[in-house]
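Student: There's a structure below that I have some questions on.
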Amino acid sequence: EDQVTQSPEALRLQEGESSSLNCSYTVSGLRGLFWYRQDPGKGPEFLFTLYSAGEEKEKERLKATLTKKESFLHITAPKPEDSATYLCAVRRGGGSEKLVFGKGTKLTVNP
Amino acid sequence: GAVVSQHPSWVICKSGTSVKIECRSLDFQATTMFWYRQFPKQSLMLMATSNEGSKATYEQGVEKDKFLINHASLTLSTLTVTSAHPEDSSFYICSAAPRTDTQYFGPGTRLTVL
């Protein structure tokens with residue numbers, strides 16, 4: 001069974017304090033690992049898609065990396081507006097379009 | 001690009017009534033749309049996959065007679081919660097993928113059943 005585990009469940013940072021979020025996964029034939037940001041009461045907002053080990057993608061203060069077992073979302077010099085829940089999801093191979101989500105990491109960045 | 005809308009954004013209804021939620025892809029066509037529900041402080045759980053012109057595929061444990069899905073066109077899917085009860089209160093979110101692997105999500109619909 002496909003599984004996605006995110007850690008930590010919650011993370012508090014001071015503005016400017018860099019850190020990383022972890023997403024460990026077990027899936028048959030990975031066909032994409034996805035990072036989303038979700039603000040309270042809203043739908044998830046797409047951030048990144050990663051397909052193969054060694055791949056990296058960046059967007060502003062965020063950088064996502066992928067290995068064969070896990071993905072990291074690195075946040076450099078975060079700002080209060082980066083506060084949100086970050087969700088990781090995987091899509092298996094074999095033609096399925098289904099995403100399996102982790103429970104998310106709630107990030108709070110204090111000014 | 002890749003914008004998905006939902007309507008309504010929130011709805012309150014009495015127990016036993018039915019509620020319809022619309023999901024639209026605004027700038028792309030989607031042969032497949034997805035419906036999720038999310039309980040407070042929990043992650044997204046896939047309810048069903050909506051296929052244009054054919055029957056929806058429901059996840060295990062989801063009552064197909066209670067959650068009716070219609071994918072009438074390449075830009076519109078609807079979810080009808082029939083005979084709603086308080087335990088159906090939740091945050092319902094749809095998504096669609098514009099010919100890519102990436103799903104884009106709507107803003108969600110908060111359903112409260114009294």
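We name chains A, B, ... following the order of the structure tokens; residues begin at 1 in each chain, and ligands are numbered from 1 as shown.
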Only residues of chain B matter here; which ones have an atom within 12 Å of chain A, counting only C-alpha atoms? Give them as number ranges by chain.

Tutor: B: 1-6, 9-10, 31-51, 57-59, 90-97, 99-111

Student: Can those selected residues be exported to a file as a short mmCIF file (atom, residue, chain, number, x, y, z; two decimals), in the first residue's frame so that it contains N, CA and C atoms?

Tutor:
data_model
loop_
_atom_site.label_atom_id
_atom_site.label_comp_id
_atom_site.auth_asym_id
_atom_site.auth_seq_id
_atom_site.Cartn_x
_atom_site.Cartn_y
_atom_site.Cartn_z
N GLY B 1 -2.25 30.27 -15.45
CA GLY B 1 -3.12 29.25 -16.01
C GLY B 1 -3.47 28.17 -15.01
N ALA B 2 -4.24 27.17 -15.41
CA ALA B 2 -4.67 26.03 -14.60
C ALA B 2 -5.46 26.47 -13.38
N VAL B 3 -6.57 27.16 -13.63
CA VAL B 3 -7.41 27.66 -12.55
C VAL B 3 -8.65 26.79 -12.43
N VAL B 4 -8.95 26.39 -11.20
CA VAL B 4 -10.12 25.58 -10.90
C VAL B 4 -10.99 26.35 -9.91
N SER B 5 -12.27 26.44 -10.20
CA SER B 5 -13.18 27.15 -9.30
C SER B 5 -14.20 26.18 -8.71
N GLN B 6 -14.77 26.55 -7.59
CA GLN B 6 -15.83 25.78 -6.96
C GLN B 6 -16.93 26.72 -6.52
N SER B 9 -18.78 28.45 -2.08
CA SER B 9 -17.60 28.36 -1.22
C SER B 9 -17.99 27.84 0.16
N TRP B 10 -19.25 28.09 0.55
CA TRP B 10 -19.72 27.52 1.80
C TRP B 10 -21.24 27.34 1.70
N THR B 31 -10.65 15.87 -18.82
CA THR B 31 -11.46 14.66 -18.95
C THR B 31 -11.64 13.97 -17.61
N THR B 32 -10.75 14.29 -16.69
CA THR B 32 -10.83 13.69 -15.36
C THR B 32 -10.75 14.78 -14.30
N MET B 33 -11.64 14.70 -13.33
CA MET B 33 -11.60 15.57 -12.16
C MET B 33 -11.68 14.68 -10.92
N PHE B 34 -11.24 15.22 -9.81
CA PHE B 34 -11.17 14.45 -8.58
C PHE B 34 -11.91 15.20 -7.47
N TRP B 35 -12.56 14.41 -6.60
CA TRP B 35 -13.22 14.98 -5.45
C TRP B 35 -12.60 14.45 -4.16
N TYR B 36 -12.25 15.38 -3.27
CA TYR B 36 -11.64 15.04 -1.99
C TYR B 36 -12.50 15.62 -0.87
N ARG B 37 -12.32 15.05 0.32
CA ARG B 37 -12.87 15.68 1.51
C ARG B 37 -11.76 15.78 2.53
N GLN B 38 -11.87 16.79 3.36
CA GLN B 38 -10.83 17.04 4.35
C GLN B 38 -11.49 17.42 5.67
N PHE B 39 -11.23 16.61 6.70
CA PHE B 39 -11.72 16.91 8.03
C PHE B 39 -10.70 17.80 8.74
N PRO B 40 -11.16 18.53 9.76
CA PRO B 40 -10.27 19.47 10.45
C PRO B 40 -8.95 18.84 10.88
N LYS B 41 -7.87 19.51 10.56
CA LYS B 41 -6.51 19.11 10.93
C LYS B 41 -6.12 17.76 10.36
N GLN B 42 -6.79 17.33 9.29
CA GLN B 42 -6.41 16.09 8.62
C GLN B 42 -6.10 16.37 7.16
N SER B 43 -5.51 15.37 6.52
CA SER B 43 -5.13 15.59 5.14
C SER B 43 -6.28 15.28 4.19
N LEU B 44 -6.01 15.42 2.92
CA LEU B 44 -7.04 15.19 1.91
C LEU B 44 -7.24 13.71 1.66
N MET B 45 -8.50 13.30 1.60
CA MET B 45 -8.84 11.92 1.29
C MET B 45 -9.61 11.90 -0.02
N LEU B 46 -9.12 11.14 -0.97
CA LEU B 46 -9.79 11.03 -2.26
C LEU B 46 -11.11 10.30 -2.09
N MET B 47 -12.19 10.91 -2.60
CA MET B 47 -13.50 10.26 -2.55
C MET B 47 -13.78 9.52 -3.85
N ALA B 48 -13.53 10.21 -4.97
CA ALA B 48 -13.89 9.62 -6.25
C ALA B 48 -13.18 10.32 -7.38
N THR B 49 -13.07 9.60 -8.46
CA THR B 49 -12.51 10.14 -9.70
C THR B 49 -13.66 10.30 -10.68
N SER B 50 -13.80 11.52 -11.18
CA SER B 50 -14.92 11.85 -12.07
C SER B 50 -14.44 11.84 -13.52
N ASN B 51 -15.08 11.05 -14.37
CA ASN B 51 -14.67 10.92 -15.76
C ASN B 51 -15.74 11.48 -16.68
N THR B 57 -15.55 6.79 -10.54
CA THR B 57 -14.92 5.69 -9.82
C THR B 57 -14.77 6.09 -8.38
N TYR B 58 -15.40 5.35 -7.47
CA TYR B 58 -15.40 5.72 -6.07
C TYR B 58 -14.34 4.94 -5.30
N GLU B 59 -13.79 5.60 -4.29
CA GLU B 59 -12.83 4.93 -3.41
C GLU B 59 -13.57 4.01 -2.44
N SER B 90 -18.08 18.78 6.26
CA SER B 90 -16.66 18.65 5.95
C SER B 90 -16.27 19.73 4.96
N PHE B 91 -15.01 19.72 4.56
CA PHE B 91 -14.48 20.61 3.54
C PHE B 91 -14.28 19.75 2.29
N TYR B 92 -15.01 20.07 1.23
CA TYR B 92 -14.95 19.30 0.00
C TYR B 92 -14.14 20.09 -1.04
N ILE B 93 -13.17 19.41 -1.65
CA ILE B 93 -12.27 20.07 -2.59
C ILE B 93 -12.19 19.25 -3.87
N CYS B 94 -12.24 19.93 -5.00
CA CYS B 94 -12.07 19.23 -6.27
C CYS B 94 -10.73 19.60 -6.90
N SER B 95 -10.29 18.78 -7.83
CA SER B 95 -9.06 19.07 -8.56
C SER B 95 -9.18 18.57 -9.99
N ALA B 96 -8.30 19.07 -10.84
CA ALA B 96 -8.25 18.64 -12.23
C ALA B 96 -6.83 18.79 -12.73
N ALA B 97 -6.49 17.99 -13.75
CA ALA B 97 -5.14 18.02 -14.30
C ALA B 97 -5.21 18.35 -15.79
N ARG B 99 -3.85 17.93 -18.79
CA ARG B 99 -2.96 17.15 -19.64
C ARG B 99 -1.54 17.04 -19.07
N THR B 100 -1.44 17.13 -17.77
CA THR B 100 -0.14 16.95 -17.11
C THR B 100 -0.35 16.02 -15.93
N ASP B 101 0.73 15.71 -15.25
CA ASP B 101 0.61 14.88 -14.06
C ASP B 101 0.15 15.68 -12.85
N THR B 102 0.18 16.99 -12.94
CA THR B 102 -0.08 17.84 -11.80
C THR B 102 -1.56 18.16 -11.66
N GLN B 103 -2.11 17.91 -10.49
CA GLN B 103 -3.49 18.27 -10.20
C GLN B 103 -3.54 19.67 -9.60
N TYR B 104 -4.46 20.47 -10.10
CA TYR B 104 -4.69 21.81 -9.57
C TYR B 104 -6.02 21.81 -8.84
N PHE B 105 -6.02 22.42 -7.66
CA PHE B 105 -7.17 22.31 -6.77
C PHE B 105 -8.03 23.56 -6.78
N GLY B 106 -9.32 23.33 -6.55
CA GLY B 106 -10.24 24.43 -6.35
C GLY B 106 -10.09 24.99 -4.95
N PRO B 107 -10.81 26.05 -4.65
CA PRO B 107 -10.70 26.70 -3.34
C PRO B 107 -11.44 25.97 -2.23
N GLY B 108 -12.25 24.98 -2.58
CA GLY B 108 -12.95 24.20 -1.57
C GLY B 108 -14.33 24.73 -1.25
N THR B 109 -15.16 23.84 -0.72
CA THR B 109 -16.52 24.17 -0.29
C THR B 109 -16.71 23.65 1.13
N ARG B 110 -17.06 24.56 2.02
CA ARG B 110 -17.29 24.17 3.42
C ARG B 110 -18.77 23.82 3.55
N LEU B 111 -19.08 22.57 3.87
CA LEU B 111 -20.46 22.11 4.06
C LEU B 111 -20.71 21.91 5.54
#

Student: Write out as a VMD selection string each polymer residue whose atoms come within 12 Å of Ser20 of chain A, counting only C-alpha atoms; drop sequence neighbours fewer than 5 positions from it.

Tutor: chain A and resid 6 to 8 10 to 13 61 to 65 71 to 78 86 105 107

Student: Rounded to one decimal in Å, what is the spacing between atom CA of Val11 of chain B and atom CA of Asp82 of chain A?

Tutor: 29.1 Å

Student: Enumerate the residues of chain B with a DSSP assignment of strand (DSSP E), computed from the backbone, and present them as JSON, numbers by chain.

Tutor: {"B": [4, 5, 6, 7, 10, 11, 12, 13, 19, 20, 21, 22, 23, 24, 25, 32, 33, 34, 35, 36, 37, 38, 45, 46, 47, 48, 49, 50, 51, 57, 58, 67, 68, 69, 70, 71, 72, 73, 76, 77, 78, 79, 80, 81, 90, 91, 92, 93, 94, 95, 96, 104, 105, 109, 110, 111, 112, 113]}

Student: Find the residues around Thr78 of chain B up to 8 Å (only C-alpha atoms counted), leave out those fewer than 3 positions away in its own chain, and share them as number ranges by chain.

Tutor: B: 20-23, 68-71

Student: With N, CA, C and O atoms retained, write the just-selected residues as a PDB file, in the first residue's frame.

Tutor:
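Wrote it out as selection01.pdb, contents follow:
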ATOM      1  N   LYS B  20     -25.685  20.452  -3.821  1.00  0.00           N
ATOM      2  CA  LYS B  20     -24.880  20.268  -5.031  1.00  0.00           C
ATOM      3  C   LYS B  20     -23.703  21.227  -5.003  1.00  0.00           C
ATOM      4  O   LYS B  20     -23.860  22.426  -4.764  1.00  0.00           O
ATOM      5  N   ILE B  21     -22.523  20.697  -5.305  1.00  0.00           N
ATOM      6  CA  ILE B  21     -21.303  21.503  -5.383  1.00  0.00           C
ATOM      7  C   ILE B  21     -20.762  21.404  -6.806  1.00  0.00           C
ATOM      8  O   ILE B  21     -20.649  20.303  -7.358  1.00  0.00           O
ATOM      9  N   GLU B  22     -20.432  22.555  -7.388  1.00  0.00           N
ATOM     10  CA  GLU B  22     -19.906  22.589  -8.751  1.00  0.00           C
ATOM     11  C   GLU B  22     -18.394  22.802  -8.742  1.00  0.00           C
ATOM     12  O   GLU B  22     -17.873  23.569  -7.948  1.00  0.00           O
ATOM     13  N   CYS B  23     -17.733  22.157  -9.679  1.00  0.00           N
ATOM     14  CA  CYS B  23     -16.299  22.308  -9.868  1.00  0.00           C
ATOM     15  C   CYS B  23     -16.052  22.594 -11.345  1.00  0.00           C
ATOM     16  O   CYS B  23     -16.480  21.823 -12.201  1.00  0.00           O
ATOM     17  N   LEU B  68     -23.303  11.665  -5.250  1.00  0.00           N
ATOM     18  CA  LEU B  68     -23.531  11.514  -6.676  1.00  0.00           C
ATOM     19  C   LEU B  68     -22.627  12.457  -7.451  1.00  0.00           C
ATOM     20  O   LEU B  68     -22.576  13.655  -7.174  1.00  0.00           O
ATOM     21  N   ILE B  69     -21.924  11.908  -8.419  1.00  0.00           N
ATOM     22  CA  ILE B  69     -21.000  12.706  -9.217  1.00  0.00           C
ATOM     23  C   ILE B  69     -21.421  12.674 -10.676  1.00  0.00           C
ATOM     24  O   ILE B  69     -21.700  11.611 -11.233  1.00  0.00           O
ATOM     25  N   ASN B  70     -21.450  13.867 -11.278  1.00  0.00           N
ATOM     26  CA  ASN B  70     -21.777  13.993 -12.689  1.00  0.00           C
ATOM     27  C   ASN B  70     -20.725  14.846 -13.366  1.00  0.00           C
ATOM     28  O   ASN B  70     -20.435  15.950 -12.912  1.00  0.00           O
ATOM     29  N   HIS B  71     -20.148  14.327 -14.433  1.00  0.00           N
ATOM     30  CA  HIS B  71     -19.115  15.064 -15.182  1.00  0.00           C
ATOM     31  C   HIS B  71     -19.695  15.361 -16.551  1.00  0.00           C
ATOM     32  O   HIS B  71     -19.442  14.651 -17.517  1.00  0.00           O
TER      33      HIS B  71
END

Student: Tell me which of A:Ser83, A:Thr67, A:Asn110, A:Ser52 sits closest to Tyr25 of chain A, counting only C-alpha atoms.

Tutor: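 For Tyr25 of chain A, the nearest of the given residues is A:Thr67.
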
Student: Mind pulling up the distance from atom CA of Glu9 of chain A to atom CA of Ala53 of chain A?

Tutor: 24.2 Å

Student: Quick one: residues within 8 Å of Ser73 of chain B, only C-alpha atoms counted, chain neighbours fewer than 2 positions away excluded, as a VMD selection string?

Tutor: chain B and resid 52 to 53 71 75 to 77

Student: In Å, how far is it from atom CA of Gln3 of chain A to atom CA of Leu66 of chain A?

Tutor: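 Result for atom CA of Gln3 of chain A versus atom CA of Leu66 of chain A: 15.9 Å, one decimal.
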